[in-house]
Amino acid sequence: MTSKWTTTTLPETKGTPLAEQFAVVLLRGKNSFGDLIYSYVKVFLPNIQRFKAAMQAGNGFNPSDFGEVLAAGKGNPPPEVHAEMVALYPLIDNKPAESSSDSGAIPTEKKAWDEY
């Protein structure tokens with residue numbers, strides 16, 4: 001089972017990145033049941049191009065295929081989880097969901113069961 005994901009930006013990879021370098025990406029999306037979900041994924045730079053291609057393709061994917069899932073859940077990340085991720089890791093998308101104004105952002109309302 002895969003989910004569709006969105007994020008604001010991904011880092012550009014120039015030259016040869018060191019295998020130990022990583023970034024944590026906050027993904028927001030919907031699972032196959034239509035529930036809003038989030039996932040903080042630790043992506044090592046050698047996987048960034050594959051991850052970027054999967055994001056651009058717009059198809060569903062499993063975040064753990066590209067790195068280590070540090071935290072995940074339904075809805076938006078709780079403030080304490082977001083604060084912990086910001087304090088511990090360099091984040092690609094560290095904006096809270098409330099301030100996200102991207103036109104491609106996942107809508108926050110949940111559909112009725114018969115609208116899927």
# chains A, B, ... in the order shown; residues from 1 in each chain; ligands from 1
>>> residues_around(residues="segment 36-48 of chain A", least_positions_apart="6", cutoff="6 Å", atoms="only C-alpha atoms", output="number ranges by chain")
A: 21-30, 67-75
>>> write_last_selection(atoms="C-alpha atoms", output="short mmCIF file (atom, residue, chain, number, x, y, z; two decimals), in the first residue's frame")
data_model
loop_
_atom_site.label_atom_id
_atom_site.label_comp_id
_atom_site.auth_asym_id
_atom_site.auth_seq_id
_atom_site.Cartn_x
_atom_site.Cartn_y
_atom_site.Cartn_z
CA GLN A 21 25.11 13.52 4.87
CA PHE A 22 21.35 13.60 5.18
CA ALA A 23 18.34 15.85 5.44
CA VAL A 24 15.05 15.28 7.19
CA VAL A 25 12.02 15.91 5.02
CA LEU A 26 8.56 16.55 6.41
CA LEU A 27 6.05 14.91 4.10
CA ARG A 28 2.33 15.50 4.25
CA GLY A 29 -0.15 13.40 2.32
CA LYS A 30 -3.10 11.06 2.38
CA GLY A 67 15.32 6.60 4.16
CA GLU A 68 14.53 6.16 7.82
CA VAL A 69 11.09 7.23 9.06
CA LEU A 70 11.74 9.16 12.28
CA ALA A 71 8.14 10.00 13.16
CA ALA A 72 4.79 9.49 11.46
CA GLY A 73 1.11 9.70 12.23
CA LYS A 74 -2.35 10.85 11.23
CA GLY A 75 -3.22 14.50 10.78
#
>>> select_by_dssp(residues="segment 11-78 of chain A", states="alpha helix (DSSP H)", output="PyMOL selection string")
chain A and resi 48-57
>>> residues_around(residues="Asn31 of chain A", least_positions_apart="3", cutoff="6 Å", atoms="only C-alpha atoms", output="PyMOL selection string")
chain A and resi 3+34-35
>>> write_last_selection(atoms="C-alpha atoms", output="mmCIF file, in the first residue's frame")
data_model
loop_
_atom_site.group_PDB
_atom_site.id
_atom_site.type_symbol
_atom_site.label_atom_id
_atom_site.label_comp_id
_atom_site.auth_asym_id
_atom_site.auth_seq_id
_atom_site.Cartn_x
_atom_site.Cartn_y
_atom_site.Cartn_z
ATOM 1 C CA SER A 3 0.517 6.947 -0.178
ATOM 2 C CA GLY A 34 -8.033 9.247 2.553
ATOM 3 C CA ASP A 35 -6.717 10.055 6.044
#
